file query-v7.cif (mmCIF, N, CA and C atoms and all ligand atoms)
data_structure
loop_
_atom_site.label_atom_id
_atom_site.label_comp_id
_atom_site.auth_asym_id
_atom_site.auth_seq_id
_atom_site.Cartn_x
_atom_site.Cartn_y
_atom_site.Cartn_z
N MET J 1 41.35 0.12 -233.06
CA MET J 1 42.51 0.92 -233.43
C MET J 1 42.17 2.42 -233.35
N ILE J 2 43.05 3.15 -232.73
CA ILE J 2 42.78 4.58 -232.55
C ILE J 2 42.82 5.31 -233.89
N SER J 3 41.80 6.11 -234.16
CA SER J 3 41.79 6.83 -235.43
C SER J 3 41.87 8.35 -235.24
N ARG J 4 41.67 8.82 -234.03
CA ARG J 4 41.66 10.27 -233.83
C ARG J 4 42.08 10.66 -232.42
N ILE J 5 42.74 11.81 -232.34
CA ILE J 5 43.06 12.41 -231.04
C ILE J 5 42.28 13.71 -230.92
N ASP J 6 41.57 13.84 -229.86
CA ASP J 6 40.94 15.13 -229.55
C ASP J 6 41.82 15.85 -228.54
N ILE J 7 42.18 17.07 -228.85
CA ILE J 7 43.06 17.83 -227.95
C ILE J 7 42.66 19.30 -228.01
N THR J 8 42.73 19.95 -226.88
CA THR J 8 42.32 21.37 -226.87
C THR J 8 43.42 22.22 -227.49
N LYS J 9 43.03 23.39 -227.99
CA LYS J 9 43.99 24.32 -228.56
C LYS J 9 45.00 24.73 -227.49
N LEU J 10 44.53 24.84 -226.26
CA LEU J 10 45.40 25.21 -225.15
C LEU J 10 46.52 24.18 -224.96
N SER J 11 46.15 22.90 -225.00
CA SER J 11 47.15 21.84 -224.86
C SER J 11 48.12 21.84 -226.05
N LEU J 12 47.60 22.04 -227.24
CA LEU J 12 48.48 22.10 -228.42
C LEU J 12 49.45 23.27 -228.30
N ASP J 13 48.93 24.38 -227.79
CA ASP J 13 49.80 25.56 -227.61
C ASP J 13 50.91 25.26 -226.60
N ARG J 14 50.60 24.46 -225.61
CA ARG J 14 51.63 24.08 -224.61
C ARG J 14 52.75 23.29 -225.29
N VAL J 15 52.36 22.41 -226.19
CA VAL J 15 53.36 21.62 -226.92
C VAL J 15 54.21 22.55 -227.79
N LYS J 16 53.56 23.50 -228.45
CA LYS J 16 54.29 24.43 -229.32
C LYS J 16 55.28 25.27 -228.52
N ILE J 17 54.83 25.79 -227.39
CA ILE J 17 55.68 26.63 -226.56
C ILE J 17 56.87 25.83 -226.04
N SER J 18 56.60 24.62 -225.60
CA SER J 18 57.66 23.73 -225.11
C SER J 18 58.68 23.49 -226.23
N ALA J 19 58.19 23.22 -227.44
CA ALA J 19 59.07 22.93 -228.57
C ALA J 19 59.93 24.14 -228.93
N GLU J 20 59.32 25.33 -228.88
CA GLU J 20 60.07 26.54 -229.22
C GLU J 20 61.07 26.89 -228.12
N ASN J 21 60.69 26.68 -226.88
CA ASN J 21 61.60 27.01 -225.77
C ASN J 21 62.85 26.13 -225.78
N CYS J 22 62.71 24.90 -226.21
CA CYS J 22 63.84 23.96 -226.18
C CYS J 22 64.70 24.05 -227.44
N TYR J 23 64.20 24.68 -228.47
CA TYR J 23 64.94 24.80 -229.72
C TYR J 23 66.31 25.39 -229.47
N PRO J 24 67.43 24.89 -230.06
CA PRO J 24 67.48 23.86 -231.12
C PRO J 24 67.56 22.42 -230.60
N SER J 25 67.34 22.22 -229.29
CA SER J 25 67.26 20.84 -228.79
C SER J 25 65.84 20.32 -228.97
N GLU J 26 65.68 19.04 -228.78
CA GLU J 26 64.35 18.46 -228.86
C GLU J 26 63.63 18.62 -227.52
N ALA J 27 62.40 19.07 -227.59
CA ALA J 27 61.55 19.14 -226.40
C ALA J 27 60.83 17.81 -226.27
N CYS J 28 60.35 17.51 -225.06
CA CYS J 28 59.57 16.27 -224.91
C CYS J 28 58.65 16.39 -223.69
N GLY J 29 57.69 15.51 -223.65
CA GLY J 29 56.76 15.51 -222.53
C GLY J 29 55.71 14.43 -222.71
N PHE J 30 54.77 14.43 -221.79
CA PHE J 30 53.78 13.35 -221.74
C PHE J 30 52.38 13.87 -222.02
N LEU J 31 51.54 12.96 -222.52
CA LEU J 31 50.15 13.27 -222.80
C LEU J 31 49.28 12.40 -221.90
N VAL J 32 48.42 13.05 -221.15
CA VAL J 32 47.52 12.35 -220.24
C VAL J 32 46.11 12.49 -220.78
N GLY J 33 45.35 11.40 -220.72
CA GLY J 33 43.99 11.49 -221.23
C GLY J 33 43.21 10.23 -221.00
N GLN J 34 42.23 10.01 -221.87
CA GLN J 34 41.38 8.83 -221.72
C GLN J 34 40.75 8.50 -223.07
N LEU J 35 40.22 7.31 -223.17
CA LEU J 35 39.50 6.93 -224.37
C LEU J 35 38.13 7.61 -224.34
N ALA J 36 37.83 8.38 -225.38
CA ALA J 36 36.53 9.02 -225.46
C ALA J 36 35.54 8.08 -226.13
N SER J 37 36.07 7.20 -226.97
CA SER J 37 35.31 6.13 -227.62
C SER J 37 36.35 5.08 -227.98
N PRO J 38 35.94 3.91 -228.48
CA PRO J 38 36.97 2.90 -228.78
C PRO J 38 38.04 3.39 -229.76
N LYS J 39 37.73 4.41 -230.55
CA LYS J 39 38.68 4.85 -231.57
C LYS J 39 39.24 6.24 -231.34
N VAL J 40 38.76 6.91 -230.30
CA VAL J 40 39.17 8.29 -230.09
C VAL J 40 39.83 8.46 -228.72
N VAL J 41 41.03 9.01 -228.73
CA VAL J 41 41.71 9.33 -227.49
C VAL J 41 41.56 10.82 -227.23
N GLU J 42 41.14 11.14 -226.03
CA GLU J 42 41.01 12.54 -225.64
C GLU J 42 42.20 12.89 -224.75
N VAL J 43 43.01 13.83 -225.22
CA VAL J 43 44.14 14.29 -224.41
C VAL J 43 43.64 15.43 -223.53
N ILE J 44 43.81 15.29 -222.23
CA ILE J 44 43.30 16.34 -221.36
C ILE J 44 44.42 17.14 -220.70
N ARG J 45 45.64 16.64 -220.83
CA ARG J 45 46.72 17.35 -220.16
C ARG J 45 48.05 17.07 -220.86
N VAL J 46 48.86 18.11 -220.96
CA VAL J 46 50.20 18.00 -221.52
C VAL J 46 51.18 18.33 -220.41
N VAL J 47 52.14 17.44 -220.17
CA VAL J 47 53.12 17.65 -219.10
C VAL J 47 54.52 17.65 -219.70
N GLU J 48 55.16 18.79 -219.65
CA GLU J 48 56.51 18.88 -220.20
C GLU J 48 57.49 18.12 -219.31
N ALA J 49 58.48 17.50 -219.93
CA ALA J 49 59.53 16.82 -219.19
C ALA J 49 60.88 17.32 -219.70
N LYS J 50 61.87 17.22 -218.83
CA LYS J 50 63.21 17.59 -219.25
C LYS J 50 63.74 16.53 -220.22
N ASN J 51 64.33 16.97 -221.30
CA ASN J 51 64.99 16.05 -222.22
C ASN J 51 66.40 15.80 -221.68
N ILE J 52 66.61 14.60 -221.11
CA ILE J 52 67.89 14.35 -220.44
C ILE J 52 69.03 14.12 -221.44
N LEU J 53 68.71 14.08 -222.73
CA LEU J 53 69.77 13.96 -223.74
C LEU J 53 70.07 15.28 -224.43
N ALA J 54 69.37 16.35 -224.01
CA ALA J 54 69.49 17.63 -224.72
C ALA J 54 70.93 18.16 -224.75
N ALA J 55 71.67 17.91 -223.67
CA ALA J 55 73.03 18.45 -223.59
C ALA J 55 73.97 17.79 -224.60
N GLU J 56 73.67 16.55 -224.96
CA GLU J 56 74.60 15.84 -225.84
C GLU J 56 74.13 15.73 -227.28
N SER J 57 72.85 16.02 -227.55
CA SER J 57 72.36 15.84 -228.91
C SER J 57 71.15 16.72 -229.20
N ASN J 58 71.08 17.21 -230.45
CA ASN J 58 69.90 17.96 -230.88
C ASN J 58 68.96 17.09 -231.71
N THR J 59 69.27 15.82 -231.81
CA THR J 59 68.43 14.95 -232.63
C THR J 59 67.94 13.73 -231.85
N GLN J 60 67.97 13.84 -230.53
CA GLN J 60 67.51 12.74 -229.70
C GLN J 60 66.75 13.29 -228.50
N PHE J 61 65.91 12.44 -227.95
CA PHE J 61 65.27 12.84 -226.70
C PHE J 61 65.09 11.63 -225.82
N GLU J 62 65.09 11.90 -224.54
CA GLU J 62 64.66 10.91 -223.56
C GLU J 62 64.03 11.70 -222.43
N ALA J 63 62.74 11.51 -222.25
CA ALA J 63 62.03 12.27 -221.22
C ALA J 63 62.51 11.83 -219.84
N ASP J 64 62.72 12.82 -218.99
CA ASP J 64 63.18 12.56 -217.62
C ASP J 64 62.26 11.54 -216.93
N PRO J 65 62.77 10.37 -216.59
CA PRO J 65 61.91 9.35 -215.97
C PRO J 65 61.29 9.80 -214.66
N LYS J 66 61.92 10.77 -213.97
CA LYS J 66 61.36 11.26 -212.70
C LYS J 66 59.98 11.89 -212.94
N THR J 67 59.87 12.62 -214.05
CA THR J 67 58.60 13.28 -214.38
C THR J 67 57.51 12.23 -214.61
N ARG J 68 57.89 11.18 -215.31
CA ARG J 68 56.91 10.13 -215.60
C ARG J 68 56.47 9.42 -214.32
N ILE J 69 57.40 9.12 -213.45
CA ILE J 69 57.07 8.42 -212.20
C ILE J 69 56.11 9.28 -211.36
N MET J 70 56.44 10.58 -211.27
CA MET J 70 55.57 11.50 -210.51
C MET J 70 54.16 11.53 -211.10
N LEU J 71 54.13 11.61 -212.42
CA LEU J 71 52.86 11.69 -213.12
C LEU J 71 52.03 10.41 -212.94
N GLU J 72 52.68 9.27 -213.09
CA GLU J 72 51.98 7.99 -212.94
C GLU J 72 51.40 7.85 -211.52
N LYS J 73 52.19 8.32 -210.54
CA LYS J 73 51.71 8.27 -209.15
C LYS J 73 50.48 9.14 -208.98
N GLU J 74 50.55 10.33 -209.60
CA GLU J 74 49.49 11.31 -209.45
C GLU J 74 48.18 10.83 -210.05
N ILE J 75 48.24 10.14 -211.19
CA ILE J 75 46.99 9.76 -211.87
C ILE J 75 46.52 8.34 -211.52
N ARG J 76 47.31 7.65 -210.70
CA ARG J 76 46.90 6.30 -210.30
C ARG J 76 45.56 6.36 -209.58
N GLY J 77 44.66 5.46 -209.98
CA GLY J 77 43.34 5.43 -209.35
C GLY J 77 42.36 6.45 -209.90
N THR J 78 42.76 7.21 -210.90
CA THR J 78 41.85 8.16 -211.53
C THR J 78 41.45 7.60 -212.90
N PRO J 79 40.43 8.19 -213.53
CA PRO J 79 39.99 7.66 -214.83
C PRO J 79 41.00 7.92 -215.97
N VAL J 80 41.95 8.83 -215.74
CA VAL J 80 42.87 9.17 -216.83
C VAL J 80 44.16 8.35 -216.74
N LYS J 81 44.85 8.27 -217.84
CA LYS J 81 46.10 7.52 -217.85
C LYS J 81 47.08 8.17 -218.82
N LEU J 82 48.27 7.64 -218.85
CA LEU J 82 49.26 8.11 -219.80
C LEU J 82 48.86 7.54 -221.17
N VAL J 83 48.58 8.43 -222.12
CA VAL J 83 48.12 7.94 -223.43
C VAL J 83 49.17 8.15 -224.52
N GLY J 84 50.19 8.94 -224.21
CA GLY J 84 51.20 9.17 -225.24
C GLY J 84 52.25 10.13 -224.77
N HIS J 85 53.09 10.54 -225.70
CA HIS J 85 54.13 11.52 -225.38
C HIS J 85 54.37 12.38 -226.60
N TYR J 86 55.03 13.48 -226.41
CA TYR J 86 55.35 14.34 -227.55
C TYR J 86 56.84 14.63 -227.54
N HIS J 87 57.35 14.96 -228.70
CA HIS J 87 58.71 15.51 -228.79
C HIS J 87 58.80 16.34 -230.06
N SER J 88 59.83 17.15 -230.12
CA SER J 88 59.96 18.05 -231.27
C SER J 88 61.07 17.58 -232.20
N HIS J 89 60.95 18.00 -233.42
CA HIS J 89 61.99 17.77 -234.43
C HIS J 89 62.50 19.13 -234.90
N PRO J 90 63.61 19.60 -234.30
CA PRO J 90 64.16 20.89 -234.72
C PRO J 90 64.67 20.83 -236.17
N ASP J 91 64.14 21.72 -236.99
CA ASP J 91 64.53 21.83 -238.40
C ASP J 91 64.47 20.49 -239.12
N CYS J 92 63.42 19.75 -238.85
CA CYS J 92 63.26 18.43 -239.45
C CYS J 92 61.76 18.11 -239.49
N ALA J 93 61.36 17.33 -240.48
CA ALA J 93 59.93 17.03 -240.67
C ALA J 93 59.34 16.27 -239.48
N ALA J 94 58.04 16.46 -239.28
CA ALA J 94 57.35 15.83 -238.15
C ALA J 94 56.89 14.42 -238.49
N ILE J 95 57.84 13.58 -238.86
CA ILE J 95 57.54 12.16 -239.08
C ILE J 95 58.52 11.35 -238.23
N PRO J 96 58.12 10.16 -237.80
CA PRO J 96 59.02 9.38 -236.94
C PRO J 96 60.37 9.12 -237.61
N SER J 97 61.44 9.41 -236.91
CA SER J 97 62.79 9.19 -237.44
C SER J 97 63.18 7.73 -237.22
N ALA J 98 64.28 7.32 -237.84
CA ALA J 98 64.78 5.95 -237.63
C ALA J 98 65.03 5.71 -236.14
N THR J 99 65.56 6.75 -235.47
CA THR J 99 65.81 6.65 -234.02
C THR J 99 64.50 6.47 -233.25
N ASP J 100 63.50 7.22 -233.66
CA ASP J 100 62.19 7.10 -232.98
C ASP J 100 61.66 5.67 -233.09
N LEU J 101 61.73 5.12 -234.30
CA LEU J 101 61.21 3.76 -234.51
C LEU J 101 61.98 2.75 -233.66
N LYS J 102 63.30 2.94 -233.65
CA LYS J 102 64.16 2.04 -232.89
C LYS J 102 63.86 2.12 -231.38
N ASN J 103 63.47 3.33 -230.92
CA ASN J 103 63.25 3.55 -229.49
C ASN J 103 61.79 3.40 -229.07
N CYS J 104 60.98 2.85 -229.96
CA CYS J 104 59.57 2.67 -229.61
C CYS J 104 59.39 1.36 -228.85
N PHE J 105 59.42 1.47 -227.53
CA PHE J 105 59.30 0.27 -226.69
C PHE J 105 57.90 0.11 -226.12
N GLU J 106 57.07 1.13 -226.32
CA GLU J 106 55.71 1.07 -225.76
C GLU J 106 54.72 1.41 -226.86
N PRO J 107 54.41 0.42 -227.71
CA PRO J 107 53.56 0.71 -228.87
C PRO J 107 52.15 1.16 -228.51
N GLU J 108 51.75 0.99 -227.25
CA GLU J 108 50.41 1.42 -226.86
C GLU J 108 50.34 2.94 -226.67
N LEU J 109 51.50 3.58 -226.56
CA LEU J 109 51.50 5.04 -226.40
C LEU J 109 51.52 5.73 -227.76
N LEU J 110 50.74 6.78 -227.87
CA LEU J 110 50.72 7.55 -229.11
C LEU J 110 51.89 8.53 -229.15
N TRP J 111 52.30 8.84 -230.35
CA TRP J 111 53.42 9.77 -230.54
C TRP J 111 52.90 11.06 -231.16
N LEU J 112 53.24 12.15 -230.54
CA LEU J 112 52.93 13.46 -231.11
C LEU J 112 54.27 14.09 -231.45
N ILE J 113 54.46 14.44 -232.70
CA ILE J 113 55.74 15.01 -233.13
C ILE J 113 55.48 16.39 -233.72
N ILE J 114 56.29 17.33 -233.29
CA ILE J 114 56.11 18.71 -233.76
C ILE J 114 57.42 19.22 -234.37
N SER J 115 57.31 19.73 -235.56
CA SER J 115 58.48 20.26 -236.25
C SER J 115 58.69 21.72 -235.82
N VAL J 116 59.95 22.09 -235.61
CA VAL J 116 60.27 23.48 -235.27
C VAL J 116 61.27 23.99 -236.31
N ASN J 117 60.84 24.93 -237.11
CA ASN J 117 61.69 25.44 -238.18
C ASN J 117 62.22 26.82 -237.82
N ARG J 118 63.54 26.88 -237.69
CA ARG J 118 64.21 28.13 -237.29
C ARG J 118 63.56 28.74 -236.05
N GLY J 119 63.23 27.89 -235.11
CA GLY J 119 62.69 28.38 -233.84
C GLY J 119 61.19 28.53 -233.80
N LYS J 120 60.52 28.34 -234.95
CA LYS J 120 59.07 28.53 -234.99
C LYS J 120 58.37 27.17 -235.11
N ALA J 121 57.50 26.87 -234.15
CA ALA J 121 56.82 25.57 -234.13
C ALA J 121 55.72 25.49 -235.17
N ASP J 122 55.64 24.34 -235.80
CA ASP J 122 54.61 24.06 -236.81
C ASP J 122 53.45 23.31 -236.14
N THR J 123 52.50 22.86 -236.94
CA THR J 123 51.39 22.07 -236.40
C THR J 123 51.86 20.64 -236.13
N PRO J 124 51.58 20.10 -234.94
CA PRO J 124 52.05 18.73 -234.65
C PRO J 124 51.33 17.67 -235.48
N CYS J 125 51.96 16.51 -235.59
CA CYS J 125 51.36 15.34 -236.23
C CYS J 125 51.37 14.21 -235.21
N ALA J 126 50.36 13.34 -235.29
CA ALA J 126 50.25 12.23 -234.34
C ALA J 126 50.41 10.91 -235.07
N TYR J 127 51.04 9.96 -234.37
CA TYR J 127 51.30 8.66 -234.98
C TYR J 127 51.08 7.54 -233.98
N GLN J 128 50.75 6.41 -234.56
CA GLN J 128 50.84 5.15 -233.82
C GLN J 128 52.02 4.40 -234.44
N ILE J 129 52.97 4.00 -233.62
CA ILE J 129 54.10 3.22 -234.11
C ILE J 129 53.87 1.77 -233.70
N PHE J 130 53.97 0.88 -234.66
CA PHE J 130 53.67 -0.52 -234.39
C PHE J 130 54.84 -1.22 -233.72
N SER J 131 54.52 -2.35 -233.10
CA SER J 131 55.51 -3.04 -232.28
C SER J 131 56.65 -3.64 -233.11
N ASP J 132 56.52 -3.67 -234.44
CA ASP J 132 57.64 -4.16 -235.26
C ASP J 132 58.75 -3.11 -235.35
N GLN J 133 58.49 -1.92 -234.79
CA GLN J 133 59.45 -0.81 -234.77
C GLN J 133 59.88 -0.38 -236.18
N GLN J 134 59.01 -0.62 -237.16
CA GLN J 134 59.31 -0.20 -238.53
C GLN J 134 58.14 0.54 -239.15
N ASN J 135 56.96 0.09 -238.83
CA ASN J 135 55.78 0.67 -239.46
C ASN J 135 55.03 1.58 -238.51
N TYR J 136 54.41 2.59 -239.08
CA TYR J 136 53.60 3.51 -238.29
C TYR J 136 52.48 4.05 -239.16
N ARG J 137 51.51 4.62 -238.51
CA ARG J 137 50.48 5.28 -239.30
C ARG J 137 50.10 6.59 -238.61
N GLN J 138 49.66 7.53 -239.41
CA GLN J 138 49.31 8.83 -238.88
C GLN J 138 47.89 8.80 -238.33
N ILE J 139 47.68 9.57 -237.30
CA ILE J 139 46.38 9.65 -236.64
C ILE J 139 45.90 11.09 -236.72
N ASP J 140 44.63 11.27 -237.05
CA ASP J 140 44.08 12.63 -237.15
C ASP J 140 44.11 13.34 -235.81
N ILE J 141 44.42 14.63 -235.86
CA ILE J 141 44.34 15.45 -234.65
C ILE J 141 43.15 16.39 -234.81
N ASN J 142 42.23 16.31 -233.88
CA ASN J 142 41.07 17.17 -233.89
C ASN J 142 41.24 18.22 -232.78
N THR J 143 41.39 19.46 -233.18
CA THR J 143 41.57 20.51 -232.20
C THR J 143 40.21 20.95 -231.66
N VAL J 144 40.09 20.82 -230.35
CA VAL J 144 38.83 21.17 -229.69
C VAL J 144 38.95 22.58 -229.14
N GLN J 145 38.03 23.41 -229.48
CA GLN J 145 38.04 24.78 -228.96
C GLN J 145 37.34 24.78 -227.60
N VAL J 146 37.97 25.40 -226.63
CA VAL J 146 37.33 25.45 -225.31
C VAL J 146 37.01 26.90 -224.96
ZN ZN T 201 61.86 12.08 -233.24
#
call {"tool": "encode", "arguments": {"input": "query-v7.cif", "output": "structure tokens"}}
result
Amino acid sequence: MISRIDITKLSLDRVKISAENCYPSEACGFLVGQLASPKVVEVIRVVEAKNILAAESNTQFEADPKTRIMLEKEIRGTPVKLVGHYHSHPDCAAIPSATDLKNCFEPELLWLIISVNRGKADTPCAYQIFSDQQNYRQIDINTVQV
């Protein structure tokens, strides 16, 4: 079971910028990385995606599937893979919402959620959401200085 995410400050900053730029809509994107050990996921890249629900809702997200397809093609055959995704919670706490739990169809992917309060991004939180779509647990984020 994954207990920690290692991510560079640069990648975290990308998530923050994405979250602030999309405010008051939800930002979203993908996390690419690899297992650094059986319990640690190393995120090596953050890829922003268009939130295709942004025009109709500020409390929902769906990452543009075109971005994911392109990304999956690009990393096929390399040591890295899609390890998770991120999205923002405008003016709302960084914990999985009822909608998030309901929409968790890929429990193997980690969730990074970042709260944006009045346009200012907070520190993200990471979660594993279980396949029962009800329970989740928080995962430590270790910021790696590069
Ligand atoms: Zn959410």
call {"tool": "atom_distance", "arguments": {"input": "query-v7.cif", "atom1": "atom C of J:Lys9", "atom2": "atom N of J:Val144"}}
result
6.9 Å
call {"tool": "residues_near_ligand", "arguments": {"input": "query-v7.cif", "ligand": "ligand ZN 201 (chain T)", "cutoff": "6.5 Å", "atoms": "all atoms listed in the file", "output": "list in words"}}
result
Thr59, His87, Ser88, His89, Ile95, Pro96, Ser97, Thr99 and Asp100 of chain J
call {"tool": "axis_aligned_box", "arguments": {"input": "query-v7.cif", "around": "stretch 48-63 of chain J", "padding_each_side": "6 Å", "output": "AutoDock Vina command-line options"}}
result
--center_x 64.9 --center_y 14.9 --center_z -225.7 --size_x 31.4 --size_y 20.0 --size_z 25.8
call {"tool": "residues_around", "arguments": {"input": "query-v7.cif", "residues": "stretch 35-52 of chain J", "least_positions_apart": "5", "cutoff": "8 Å", "atoms": "all atoms listed in the file", "output": "PyMOL selection string"}}
result
chain J and resi 1-8+10-12+14-15+18+26-30+57+60-68+79-81+83+86
call {"tool": "closest_residue", "arguments": {"input": "query-v7.cif", "among": "J:Gln134, J:Glu20, J:Val146, J:Leu31", "to": "J:Leu71", "atoms": "only C-alpha atoms"}}
result
J:Leu31
call {"tool": "select_by_dssp", "arguments": {"input": "query-v7.cif", "residues": "chain J", "states": "strand (DSSP E or B)", "output": "PyMOL selection string"}}
result
chain J and resi 4-8+28-37+40-49+51+63+81-90+110-117+120-121+125-129+136-144
call {"tool": "atom_distance", "arguments": {"input": "query-v7.cif", "atom1": "atom CA of J:Gln34", "atom2": "atom C of J:Ala98"}}
result
27.9 Å
call {"tool": "atom_distance", "arguments": {"input": "query-v7.cif", "atom1": "atom N of J:Arg76", "atom2": "atom C of J:Gln128"}}
result
24.4 Å
call {"tool": "decode", "arguments": {"input": "query-v7.cif", "residues": "stretch 115-131 of chain J", "atoms": "N, CA, C and O atoms", "output": "compact mmCIF listing (two decimals), in the first residue's frame"}}
result
# COMPACT_ATOMS: atom_id res chain seq x y z
N SER J 115 -6.78 22.91 -2.53
CA SER J 115 -7.80 23.90 -2.22
C SER J 115 -7.34 25.28 -2.72
O SER J 115 -6.16 25.62 -2.63
N VAL J 116 -8.27 26.04 -3.29
CA VAL J 116 -7.95 27.41 -3.72
C VAL J 116 -8.92 28.35 -3.03
O VAL J 116 -10.13 28.27 -3.23
N ASN J 117 -8.40 29.17 -2.15
CA ASN J 117 -9.24 30.07 -1.38
C ASN J 117 -9.12 31.49 -1.90
O ASN J 117 -8.05 32.09 -1.85
N ARG J 118 -10.23 32.00 -2.41
CA ARG J 118 -10.27 33.35 -3.01
C ARG J 118 -9.13 33.54 -4.01
O ARG J 118 -8.45 34.57 -4.03
N GLY J 119 -8.91 32.51 -4.81
CA GLY J 119 -7.92 32.62 -5.87
C GLY J 119 -6.51 32.24 -5.48
O GLY J 119 -5.61 32.18 -6.32
N LYS J 120 -6.28 31.96 -4.18
CA LYS J 120 -4.93 31.64 -3.73
C LYS J 120 -4.84 30.14 -3.39
O LYS J 120 -5.58 29.65 -2.54
N ALA J 121 -3.93 29.44 -4.05
CA ALA J 121 -3.80 28.00 -3.86
C ALA J 121 -3.12 27.66 -2.54
O ALA J 121 -2.15 28.30 -2.14
N ASP J 122 -3.64 26.64 -1.89
CA ASP J 122 -3.10 26.14 -0.63
C ASP J 122 -2.16 24.96 -0.92
O ASP J 122 -1.92 24.62 -2.07
N THR J 123 -1.69 24.30 0.12
CA THR J 123 -0.85 23.12 -0.05
C THR J 123 -1.73 21.92 -0.43
O THR J 123 -2.75 21.69 0.22
N PRO J 124 -1.37 21.17 -1.48
CA PRO J 124 -2.22 20.04 -1.87
C PRO J 124 -2.19 18.90 -0.85
O PRO J 124 -1.25 18.79 -0.05
N CYS J 125 -3.21 18.06 -0.91
CA CYS J 125 -3.28 16.83 -0.11
C CYS J 125 -3.43 15.66 -1.06
O CYS J 125 -4.05 15.80 -2.11
N ALA J 126 -2.88 14.52 -0.68
CA ALA J 126 -2.95 13.33 -1.55
C ALA J 126 -3.77 12.25 -0.87
O ALA J 126 -3.74 12.10 0.35
N TYR J 127 -4.49 11.50 -1.70
CA TYR J 127 -5.37 10.46 -1.18
C TYR J 127 -5.33 9.22 -2.05
O TYR J 127 -5.11 9.31 -3.26
N GLN J 128 -5.61 8.12 -1.38
CA GLN J 128 -5.96 6.90 -2.09
C GLN J 128 -7.45 6.69 -1.83
O GLN J 128 -7.88 6.68 -0.67
N ILE J 129 -8.22 6.55 -2.89
CA ILE J 129 -9.65 6.28 -2.72
C ILE J 129 -9.87 4.81 -3.03
O ILE J 129 -9.43 4.31 -4.06
N PHE J 130 -10.55 4.14 -2.12
CA PHE J 130 -10.73 2.69 -2.27
C PHE J 130 -11.85 2.37 -3.24
O PHE J 130 -12.73 3.19 -3.51
N SER J 131 -11.83 1.14 -3.72
CA SER J 131 -12.75 0.74 -4.79
C SER J 131 -14.20 0.68 -4.31
O SER J 131 -15.12 0.56 -5.12
